[in-house]
Amino acid sequence: MSEHEHHSHEPHAEHAQRTLSPMELRVRALETLLTEKGYIDPAALDVLIDAYQTKIGPRNGARVVARAWCDAEFRRWLLADATAAIASLGLTGRQGEHMVAVENTPQVHNLVVCTLCSCYPWAVLGLPPTWYKSAPYRARAVKDPRGVLKEFGVELPETTQIRIWDSTAEIRYLVLPQRPAGSEDLSEQQLANLVTRDSMIGTGLPGKDA
Amino acid sequence: MSYHSHADLGGQDVRDAIVMEPEGELFHTPWEPRVMALVVAMGPTGLSNIDMNRAARETLPNYRDLSYYEIWLAALEKLLLQKGVLGDSPSPPKQVLRAELVAAAISKGSAFSRTPTGPARYALGQRVRTIAVQPAHHTRLPAYARGKVGIVDRVHGAHVFPDTNAQGLGESPQWLYTVAFNEQELWGGQGLNQRSTISVDAFEPYLEPA
């Protein structure tokens, strides 16, 4: 960071100065101020970013789903007490404190949204995708779920009941998708590879866009 | 004093397309991860709570013009100004999230469940009507679900009550329920008829017997 504070005439340094966007400058200024005032440890920001870029993401949720597909007892536990079942796989904490798992069946398809902000099960899915936080998804998911699903390339039979979960409190929802047909011979790890982020939100089906 | 949330989007007429995003694509500018981490790292300082943060975000007059991380940044700046952190004698942080504590803090999270102060007023399967009034403060009952009759689908125990917590009036734990509504009850004659059921997570003060 300190190189940016020098008034260097080296072309490289000047170039680096110029390429900072107004938003970058604004965020850097705030970060510097909060560091100086003793509110944050900038090294903690690096660790946080790394955690959500490399450790906490939808592959965690995929492990939960694959386990539920392979282990009937785990599936029952997940549906009865998702917080505890998910914690047994070492997945706990921030934005996953109060989990509910909802199961897709041939009769029912589940879809998760947060119409009021961006509530999302970080512990199992990581940071929410931009569309999940966007106005069109939040506005339409509750009123026109079939239209929304169609945008995601998912067309359900007319007879399928759609169950929409608006995350308006601190309960976080994980969709347990249906195990794909013809996956009987796959290992738990191979099954996990079929589980997409969107299939755990309800906007996708497993094996479709992994 | 009037209070207006610009974030209550469920059921609104927003026609923009939903923009898909691949799983690994978490950030779109170099400053977005810093904002995410700044907001998370400010949690332990105790400067504000999650409900104050949401209130600060949803009342930004230009909420609908901002990207989600722009909303987070603008709300953080607003709170810092309100709390006097940018002034000469800010109140000291309760706790600073040091780099070495990040992993433990993430896996610990912060539970929102509390010991109930009385018995639950409603039971599983009971018909309830949501209140129709829009309070003049932060609340978590979406406009589309006000004054509607639904069925108690889950009982979650007592949780921190956002309405008081956002105003700095304490946690005032309340029973939390998932209340499910038939699509006709919510959208009436608008007749999308999608075979859908929509639920919200509603705190007991949002409900009346039906």
# chains A, B, ... in the order shown; residues from 1 in each chain; ligands from 1
call {"tool": "select_by_dssp", "arguments": {"residues": "range 128-164 of chain A", "states": "alpha helix (DSSP H)", "output": "ChimeraX atom specification"}}
result
/A:130-133,135-140,145-151
call {"tool": "residues_around", "arguments": {"residues": "range 34-37 of chain B", "least_positions_apart": "6", "cutoff": "8 Å", "atoms": "only C-alpha atoms", "output": "VMD selection string"}}
result
(chain A and resid 27 45 to 46 48 to 49) or (chain B and resid 69 72 to 73)
call {"tool": "write_last_selection", "arguments": {"atoms": "N, CA and C atoms", "output": "compact mmCIF listing (two decimals), in the first residue's frame"}}
result
# COMPACT_ATOMS: atom_id res chain seq x y z
N VAL A 27 -13.18 3.45 -1.30
CA VAL A 27 -13.10 2.30 -0.41
C VAL A 27 -11.76 2.28 0.33
N LEU A 45 -9.17 -8.38 6.64
CA LEU A 45 -9.95 -8.28 5.40
C LEU A 45 -9.41 -9.27 4.37
N ASP A 46 -8.08 -9.36 4.27
CA ASP A 46 -7.47 -10.31 3.33
C ASP A 46 -7.89 -11.75 3.66
N LEU A 48 -10.58 -12.70 5.30
CA LEU A 48 -12.01 -12.85 4.99
C LEU A 48 -12.24 -13.08 3.50
N ILE A 49 -11.59 -12.27 2.69
CA ILE A 49 -11.76 -12.39 1.24
C ILE A 49 -11.29 -13.76 0.76
N TYR B 69 -23.02 -4.09 -3.62
CA TYR B 69 -21.86 -3.67 -2.81
C TYR B 69 -21.79 -2.16 -2.69
N TRP B 72 -24.01 -1.58 0.23
CA TRP B 72 -23.31 -1.90 1.48
C TRP B 72 -22.35 -0.78 1.88
N LEU B 73 -21.64 -0.27 0.90
CA LEU B 73 -20.66 0.78 1.18
C LEU B 73 -21.36 2.06 1.64
call {"tool": "closest_residue", "arguments": {"among": "A:Ile171, A:Ala192, A:Val113, A:Cys119", "to": "Ala202 in chain B", "atoms": "only C-alpha atoms"}}
result
A:Ile171
call {"tool": "interface_residues", "arguments": {"of": "chain A", "to": "chain B", "cutoff": "6 Å", "atoms": "only C-alpha atoms", "output": "number ranges by chain"}}
result
A: 24, 39-41, 43-45, 48, 92-94, 97, 115-116, 131, 136, 138-140, 143, 161-166, 168-169
call {"tool": "write_last_selection", "arguments": {"atoms": "N, CA and C atoms", "output": "PDB file, in the first residue's frame"}}
result
ATOM      1  N   GLU A  24     -12.621   2.775  -6.039  1.00  0.00           N
ATOM      2  CA  GLU A  24     -11.475   2.186  -5.337  1.00  0.00           C
ATOM      3  C   GLU A  24     -10.880   3.171  -4.345  1.00  0.00           C
ATOM      4  N   TYR A  39     -10.614   0.406  14.314  1.00  0.00           N
ATOM      5  CA  TYR A  39     -11.813  -0.431  14.200  1.00  0.00           C
ATOM      6  C   TYR A  39     -11.563  -1.717  13.430  1.00  0.00           C
ATOM      7  N   ILE A  40     -10.628  -1.669  12.496  1.00  0.00           N
ATOM      8  CA  ILE A  40     -10.395  -2.886  11.714  1.00  0.00           C
ATOM      9  C   ILE A  40      -8.901  -3.199  11.618  1.00  0.00           C
ATOM     10  N   ASP A  41      -8.645  -4.475  11.388  1.00  0.00           N
ATOM     11  CA  ASP A  41      -7.305  -4.968  11.105  1.00  0.00           C
ATOM     12  C   ASP A  41      -7.304  -5.291   9.609  1.00  0.00           C
ATOM     13  N   ALA A  43      -5.384  -6.762   7.719  1.00  0.00           N
ATOM     14  CA  ALA A  43      -4.999  -8.144   7.403  1.00  0.00           C
ATOM     15  C   ALA A  43      -6.196  -9.083   7.536  1.00  0.00           C
ATOM     16  N   ALA A  44      -7.133  -8.730   8.424  1.00  0.00           N
ATOM     17  CA  ALA A  44      -8.335  -9.563   8.585  1.00  0.00           C
ATOM     18  C   ALA A  44      -9.190  -9.522   7.324  1.00  0.00           C
ATOM     19  N   LEU A  45      -9.172  -8.381   6.644  1.00  0.00           N
ATOM     20  CA  LEU A  45      -9.949  -8.280   5.401  1.00  0.00           C
ATOM     21  C   LEU A  45      -9.408  -9.269   4.372  1.00  0.00           C
ATOM     22  N   LEU A  48     -10.578 -12.704   5.296  1.00  0.00           N
ATOM     23  CA  LEU A  48     -12.013 -12.852   4.993  1.00  0.00           C
ATOM     24  C   LEU A  48     -12.243 -13.080   3.499  1.00  0.00           C
ATOM     25  N   THR A  92     -20.449 -24.689   9.636  1.00  0.00           N
ATOM     26  CA  THR A  92     -21.203 -23.960  10.666  1.00  0.00           C
ATOM     27  C   THR A  92     -20.980 -22.469  10.477  1.00  0.00           C
ATOM     28  N   GLY A  93     -21.708 -21.699  11.244  1.00  0.00           N
ATOM     29  CA  GLY A  93     -21.363 -20.296  11.429  1.00  0.00           C
ATOM     30  C   GLY A  93     -22.093 -19.302  10.580  1.00  0.00           C
ATOM     31  N   ARG A  94     -21.406 -18.220  10.315  1.00  0.00           N
ATOM     32  CA  ARG A  94     -21.956 -17.000   9.758  1.00  0.00           C
ATOM     33  C   ARG A  94     -22.941 -17.241   8.620  1.00  0.00           C
ATOM     34  N   GLU A  97     -26.455 -20.049  10.751  1.00  0.00           N
ATOM     35  CA  GLU A  97     -26.724 -20.353  12.163  1.00  0.00           C
ATOM     36  C   GLU A  97     -28.041 -21.101  12.344  1.00  0.00           C
ATOM     37  N   THR A 115     -36.798 -11.301  -0.590  1.00  0.00           N
ATOM     38  CA  THR A 115     -37.353 -10.132  -1.282  1.00  0.00           C
ATOM     39  C   THR A 115     -36.932  -8.827  -0.624  1.00  0.00           C
ATOM     40  N   LEU A 116     -36.542  -8.879   0.658  1.00  0.00           N
ATOM     41  CA  LEU A 116     -36.251  -7.643   1.398  1.00  0.00           C
ATOM     42  C   LEU A 116     -34.788  -7.222   1.329  1.00  0.00           C
ATOM     43  N   TRP A 131     -27.366 -11.837  -9.222  1.00  0.00           N
ATOM     44  CA  TRP A 131     -28.787 -11.880  -9.594  1.00  0.00           C
ATOM     45  C   TRP A 131     -29.673 -12.152  -8.390  1.00  0.00           C
ATOM     46  N   PRO A 136     -34.902  -7.649 -10.228  1.00  0.00           N
ATOM     47  CA  PRO A 136     -35.809  -8.521 -10.986  1.00  0.00           C
ATOM     48  C   PRO A 136     -36.051  -9.878 -10.319  1.00  0.00           C
ATOM     49  N   ARG A 138     -35.726 -10.653  -7.054  1.00  0.00           N
ATOM     50  CA  ARG A 138     -36.451 -10.465  -5.793  1.00  0.00           C
ATOM     51  C   ARG A 138     -37.909 -10.079  -6.044  1.00  0.00           C
ATOM     52  N   ALA A 139     -38.155  -9.309  -7.082  1.00  0.00           N
ATOM     53  CA  ALA A 139     -39.528  -8.871  -7.360  1.00  0.00           C
ATOM     54  C   ALA A 139     -40.375 -10.016  -7.909  1.00  0.00           C
ATOM     55  N   ARG A 140     -39.797 -10.799  -8.797  1.00  0.00           N
ATOM     56  CA  ARG A 140     -40.605 -11.764  -9.558  1.00  0.00           C
ATOM     57  C   ARG A 140     -40.671 -13.165  -8.966  1.00  0.00           C
ATOM     58  N   LYS A 143     -43.928 -13.923  -7.252  1.00  0.00           N
ATOM     59  CA  LYS A 143     -45.190 -13.722  -7.975  1.00  0.00           C
ATOM     60  C   LYS A 143     -45.249 -14.514  -9.289  1.00  0.00           C
ATOM     61  N   GLN A 161     -46.126 -28.583  -7.867  1.00  0.00           N
ATOM     62  CA  GLN A 161     -46.402 -27.493  -6.944  1.00  0.00           C
ATOM     63  C   GLN A 161     -45.086 -26.740  -6.694  1.00  0.00           C
ATOM     64  N   ILE A 162     -45.112 -25.404  -6.743  1.00  0.00           N
ATOM     65  CA  ILE A 162     -43.895 -24.636  -6.466  1.00  0.00           C
ATOM     66  C   ILE A 162     -44.017 -24.025  -5.082  1.00  0.00           C
ATOM     67  N   ARG A 163     -42.996 -24.240  -4.280  1.00  0.00           N
ATOM     68  CA  ARG A 163     -43.002 -23.750  -2.898  1.00  0.00           C
ATOM     69  C   ARG A 163     -41.894 -22.715  -2.787  1.00  0.00           C
ATOM     70  N   ILE A 164     -42.278 -21.460  -2.527  1.00  0.00           N
ATOM     71  CA  ILE A 164     -41.305 -20.372  -2.468  1.00  0.00           C
ATOM     72  C   ILE A 164     -41.069 -19.970  -1.020  1.00  0.00           C
ATOM     73  N   TRP A 165     -39.795 -19.880  -0.657  1.00  0.00           N
ATOM     74  CA  TRP A 165     -39.408 -19.529   0.709  1.00  0.00           C
ATOM     75  C   TRP A 165     -38.774 -18.144   0.687  1.00  0.00           C
ATOM     76  N   ASP A 166     -39.485 -17.153   1.200  1.00  0.00           N
ATOM     77  CA  ASP A 166     -38.940 -15.800   1.285  1.00  0.00           C
ATOM     78  C   ASP A 166     -38.210 -15.678   2.625  1.00  0.00           C
ATOM     79  N   THR A 168     -37.226 -13.939   5.205  1.00  0.00           N
ATOM     80  CA  THR A 168     -37.454 -12.617   5.794  1.00  0.00           C
ATOM     81  C   THR A 168     -36.917 -12.480   7.218  1.00  0.00           C
ATOM     82  N   ALA A 169     -36.386 -13.581   7.787  1.00  0.00           N
ATOM     83  CA  ALA A 169     -35.783 -13.486   9.132  1.00  0.00           C
ATOM     84  C   ALA A 169     -34.381 -14.085   9.058  1.00  0.00           C
TER      85      ALA A 169
END
call {"tool": "select_by_dssp", "arguments": {"residues": "chain B", "states": "strand (DSSP E or B)", "output": "number ranges by chain"}}
result
B: 113-114, 127-130, 149-159, 174-182, 196-203, 207-209
call {"tool": "atom_distance", "arguments": {"atom1": "CA of Leu111 in chain A", "atom2": "CA of Thr203 in chain A"}}
result
6.6 Å
